[in-house]
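A.B. asks: Sharing data.cif here; it has mmCIF, C-alpha atoms.
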data_query
loop_
_atom_site.label_atom_id
_atom_site.label_comp_id
_atom_site.auth_asym_id
_atom_site.auth_seq_id
_atom_site.Cartn_x
_atom_site.Cartn_y
_atom_site.Cartn_z
CA MET A 1 -35.56 55.31 95.55
CA THR A 2 -31.88 55.86 94.94
CA ASP A 3 -29.40 55.56 97.76
CA THR A 4 -27.45 58.67 98.58
CA PRO A 5 -23.67 58.55 98.79
CA SER A 6 -23.93 58.85 102.58
CA ASP A 7 -26.32 55.84 102.65
CA ILE A 8 -23.88 53.81 100.59
CA ILE A 9 -20.94 54.85 102.76
CA LYS A 10 -22.82 53.98 105.95
CA TRP A 11 -23.93 50.61 104.55
CA TRP A 12 -20.37 49.60 103.63
CA LYS A 13 -18.86 51.07 106.77
CA ASP A 14 -21.30 49.03 108.88
CA ARG A 15 -20.15 45.87 107.13
CA ALA A 16 -16.50 46.72 107.76
CA THR A 17 -17.01 46.98 111.52
CA PRO A 18 -16.05 43.74 113.29
CA ASP A 19 -18.94 42.03 115.04
CA TYR A 20 -17.12 41.04 118.22
CA PHE A 21 -20.24 39.46 119.70
CA SER A 22 -20.46 36.93 116.86
CA MET A 23 -16.70 36.53 116.73
CA PHE A 24 -16.51 35.84 120.48
CA GLN A 25 -19.41 33.39 120.23
CA SER A 26 -17.74 31.47 117.40
CA LEU A 27 -14.42 31.46 119.20
CA TRP A 28 -16.09 30.19 122.36
CA VAL A 29 -17.58 27.26 120.44
CA ALA A 30 -14.05 26.33 119.28
CA PHE A 31 -12.77 26.69 122.85
CA ASN A 32 -15.69 24.60 124.14
CA ALA A 33 -14.88 21.82 121.68
CA TRP A 34 -11.21 21.98 122.66
CA TYR A 35 -11.72 21.70 126.41
CA LYS A 36 -14.17 18.83 126.10
CA ASP A 37 -11.77 17.00 123.77
CA TRP A 38 -8.85 17.77 126.11
CA TRP A 39 -10.67 16.32 129.10
CA LEU A 40 -11.85 13.19 127.31
CA SER A 41 -8.45 12.50 125.78
CA SER A 42 -6.72 12.61 129.16
CA HIS A 43 -9.38 11.27 131.55
CA SER A 44 -11.69 8.31 131.44
CA LEU A 45 -14.41 9.94 133.51
CA TRP A 46 -16.74 12.49 131.97
CA PRO A 47 -17.65 15.35 134.31
CA ASN A 48 -21.37 15.97 134.68
CA GLY A 49 -21.31 17.27 131.10
CA ARG A 50 -22.06 20.86 132.06
CA ASP A 51 -19.74 23.57 130.85
CA ARG A 52 -19.23 24.71 134.46
CA ASP A 53 -17.75 21.31 135.32
CA PHE A 54 -15.33 21.43 132.39
CA ILE A 55 -14.28 24.99 133.21
CA ASP A 56 -13.62 24.03 136.82
CA LYS A 57 -11.54 21.04 135.67
CA LEU A 58 -9.64 23.24 133.23
CA LYS A 59 -8.79 25.70 136.01
CA LEU A 60 -7.93 22.96 138.48
CA TRP A 61 -5.76 21.05 136.01
CA GLY A 62 -4.32 24.23 134.52
CA SER A 63 -0.68 23.23 134.49
CA HIS A 64 -1.55 19.96 132.72
CA ASN A 65 -3.01 21.26 129.46
CA ARG A 66 -2.06 23.08 126.27
CA MET A 67 -4.22 26.07 127.14
CA PHE A 68 -2.16 26.75 130.24
CA THR A 69 1.04 26.15 128.26
CA ASN A 70 -0.09 28.76 125.71
CA PHE A 71 -0.97 31.12 128.55
CA SER A 72 2.43 30.60 130.16
CA GLN A 73 4.21 31.23 126.85
CA LEU A 74 2.18 34.41 126.29
CA ILE A 75 3.24 35.86 129.61
CA SER A 76 6.86 34.72 129.22
CA ASP A 77 7.44 36.34 125.83
CA GLN A 78 8.00 40.09 126.20
CA HIS A 79 6.45 41.03 122.84
CA LYS A 80 3.46 38.70 123.13
CA TRP A 81 3.01 39.60 126.78
CA ALA A 82 2.73 43.33 126.03
CA ASN A 83 -0.19 42.72 123.69
CA PHE A 84 -1.82 40.06 125.87
CA ARG A 85 -1.40 42.17 129.01
CA PHE A 86 -2.96 45.15 127.26
CA HIS A 87 -6.07 43.11 126.46
CA LEU A 88 -6.20 41.57 129.96
CA GLU A 89 -6.00 45.01 131.55
CA GLU A 90 -8.57 46.41 129.13
CA LEU A 91 -10.83 43.48 129.92
CA ASP A 92 -10.45 44.08 133.65
CA THR A 93 -11.15 47.81 133.24
CA SER A 94 -14.16 47.22 131.02
CA LEU A 95 -15.57 44.59 133.41
CA LYS A 96 -15.30 47.05 136.30
CA SER A 97 -16.93 49.82 134.27
CA ILE A 98 -20.10 47.77 133.75
CA GLY A 99 -20.22 46.28 137.21
CA PHE A 100 -19.63 42.63 136.37
CA GLU A 101 -19.83 40.62 139.56
CA ASN A 102 -16.78 38.62 138.54
CA ASP A 103 -13.83 40.86 137.78
CA ILE A 104 -10.19 39.82 138.00
CA ASP A 105 -9.68 41.37 141.47
CA LYS A 106 -12.52 39.33 142.99
CA GLU A 107 -11.44 36.20 141.14
CA PHE A 108 -7.87 36.47 142.46
CA ARG A 109 -9.21 36.62 146.00
CA LYS A 110 -11.55 33.69 145.45
CA ILE A 111 -9.11 31.39 143.67
CA ALA A 112 -5.96 32.17 145.59
CA LYS A 113 -7.91 32.21 148.88
CA ALA A 114 -5.21 34.69 149.79
CA ASN A 115 -5.15 37.13 152.66
CA ILE A 116 -4.88 40.81 151.75
CA HIS A 117 -1.06 40.74 151.89
CA ASN A 118 -0.82 37.86 149.43
CA PHE A 119 -3.50 39.38 147.23
CA ARG A 120 -1.49 42.60 146.98
CA MET A 121 1.61 40.57 146.12
CA ILE A 122 -0.22 38.89 143.24
CA LYS A 123 -1.63 42.15 141.93
CA SER A 124 1.73 43.93 142.26
CA ILE A 125 3.29 41.39 139.90
CA PHE A 126 1.60 43.27 137.06
CA ASP A 127 3.72 46.31 137.83
CA ARG A 128 7.04 44.69 138.64
CA LYS A 129 9.91 44.94 136.20
CA GLU A 130 10.64 41.23 136.62
CA PHE A 131 7.17 40.42 135.35
CA GLN A 132 7.68 42.56 132.27
CA SER A 133 11.05 41.08 131.39
CA PRO A 134 11.44 38.16 128.94
CA THR A 135 12.25 35.87 131.87
CA PRO A 136 10.04 36.80 134.81
CA ASN A 137 11.34 36.14 138.29
CA ARG A 138 9.22 33.09 139.01
CA LEU A 139 10.57 32.76 142.54
CA LEU A 140 8.77 35.94 143.59
CA TRP A 141 5.37 34.22 143.42
CA PRO A 142 5.74 30.71 142.00
CA ASP A 143 2.06 30.13 141.25
CA TYR A 144 1.11 33.54 139.89
CA GLU A 145 0.70 32.06 136.42
CA GLU A 146 -1.87 29.56 137.65
CA TYR A 147 -3.83 32.19 139.59
CA LEU A 148 -3.88 34.55 136.63
CA PHE A 149 -4.81 31.69 134.30
CA GLN A 150 -7.66 30.59 136.55
CA ALA A 151 -8.98 34.14 136.92
CA THR A 152 -8.78 34.70 133.17
CA ILE A 153 -10.64 31.49 132.33
CA GLU A 154 -13.31 32.22 134.95
CA ASN A 155 -13.83 35.74 133.64
CA LEU A 156 -14.12 34.56 130.04
CA TYR A 157 -16.66 31.96 131.12
CA THR A 158 -18.66 34.55 133.05
CA ILE A 159 -18.70 36.87 130.04
CA ARG A 160 -19.80 33.99 127.85
CA ASN A 161 -22.67 33.21 130.21
CA LYS A 162 -23.85 36.78 130.56
CA PHE A 163 -24.10 37.26 126.80
CA PHE A 164 -25.12 33.77 125.68
CA HIS A 165 -27.96 33.72 128.18
CA GLY A 166 -29.20 37.22 127.40
CA GLU A 167 -28.26 38.86 130.69
CA LYS A 168 -26.31 41.66 129.00
CA SER A 169 -27.23 43.86 126.07
CA THR A 170 -25.02 44.77 123.14
CA ASN A 171 -24.34 48.40 124.09
CA GLU A 172 -21.01 50.23 123.68
CA GLN A 173 -19.70 49.39 127.17
CA ASN A 174 -20.50 45.72 126.71
CA LEU A 175 -18.96 45.77 123.24
CA ARG A 176 -15.69 46.85 124.87
CA VAL A 177 -15.89 43.87 127.26
CA VAL A 178 -16.59 41.40 124.46
CA LYS A 179 -13.93 42.87 122.18
CA ASN A 180 -11.26 42.41 124.86
CA ALA A 181 -12.61 39.00 125.87
CA TYR A 182 -12.37 37.99 122.21
CA GLN A 183 -8.75 39.22 121.99
CA VAL A 184 -7.76 37.36 125.16
CA LEU A 185 -9.48 34.13 124.15
CA TYR A 186 -8.10 34.33 120.61
CA SER A 187 -4.57 34.67 121.97
CA LEU A 188 -5.11 31.62 124.18
CA ILE A 189 -6.43 29.30 121.48
CA GLU A 190 -4.50 30.68 118.52
CA ASN A 191 -1.95 27.83 118.58
CA ILE A 192 -4.23 24.97 119.55
#
Produce structure tokens that represent the structure in this file.
C.D. replies:
Amino acid sequence: MTDTPSDIIKWWKDRATPDYFSMFQSLWVAFNAWYKDWWLSSHSLWPNGRDRDFIDKLKLWGSHNRMFTNFSQLISDQHKWANFRFHLEELDTSLKSIGFENDIDKEFRKIAKANIHNFRMIKSIFDRKEFQSPTPNRLLWPDYEEYLFQATIENLYTIRNKFFHGEKSTNEQNLRVVKNAYQVLYSLIENI
């Protein structure tokens, strides 16, 4: 049986579509190798060996690693920040649309252990002109970078778990989550 032109077009078009699920998975493996190497190269004690333990250490020791440095540079550079912020916001929106238990809003509250006033201050940083400028006003909220970093890492880890352990399907809404998670993670580990 001979393929029709539409069959041929569909076949090639399908191959040209990025497989963000596989790309995110591969990128996570690189990230996983990095954070284990980072911990072992700077600490003599090995956490329990579970990914959760390494992720918690990475968040806790955020300001003492290259991942946080990359994150800080991304949000300090106006051009890079525009692209990174777009993917962070898209990730947050897509997480909310599918009802992930762990979206950025909830993670800010959990990590910052902030009251509602402080939580609103952190969230309002996204919309402040100082935050969008090449040199953000760091005196406004000195630790906002660490809170945002911690929330981002936690959300990426949650996404990884939901898909790696088969809790989420590969439908269009979930594809949007994984695509933005991939973009965020790629930006973080691009220079490592």
A.B. asks: Hey, can you check how far CA of Leu91 (chain A) sits from CA of Phe68 (chain A)?
C.D. replies: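 So the two atoms, CA of Leu91 (chain A) and CA of Phe68 (chain A), lie 18.8 Å apart.
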A.B. asks: For a quick check of understanding, using all atoms listed in the file, which of A:Ser187, A:His79, A:Ile192, A:Arg160 has the smallest distance to Ser22 (chain A)?
C.D. replies: A:Arg160
A.B. asks: Hey, what comes out of the PyMOL selection byres ((chain A and resi 29) around 12) on this file? Could you write it as a VMD selection string?
C.D. replies: chain A and resid 22 to 28 30 to 36 51 157 160 164 185 to 186 189
A.B. asks: What is the CA of Ser94 (chain A) to CA of Val177 (chain A) distance in Å?
C.D. replies: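 Interatomic distance, CA of Ser94 (chain A) to CA of Val177 (chain A): 5.3 Å.
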A.B. asks: What does the distance between CA of His87 (chain A) and CA of Val178 (chain A) come to in Å, to one decimal place?
C.D. replies: 10.8 Å
A.B. asks: Pull out every residue that the PyMOL selection byres ((chain A and resi 71) around 10) matches in the shown coordinates and put them as a PyMOL selection string.
C.D. replies: chain A and resi 62-63+66-70+72-76+81+84+145-146+148-149+152+184+187-189
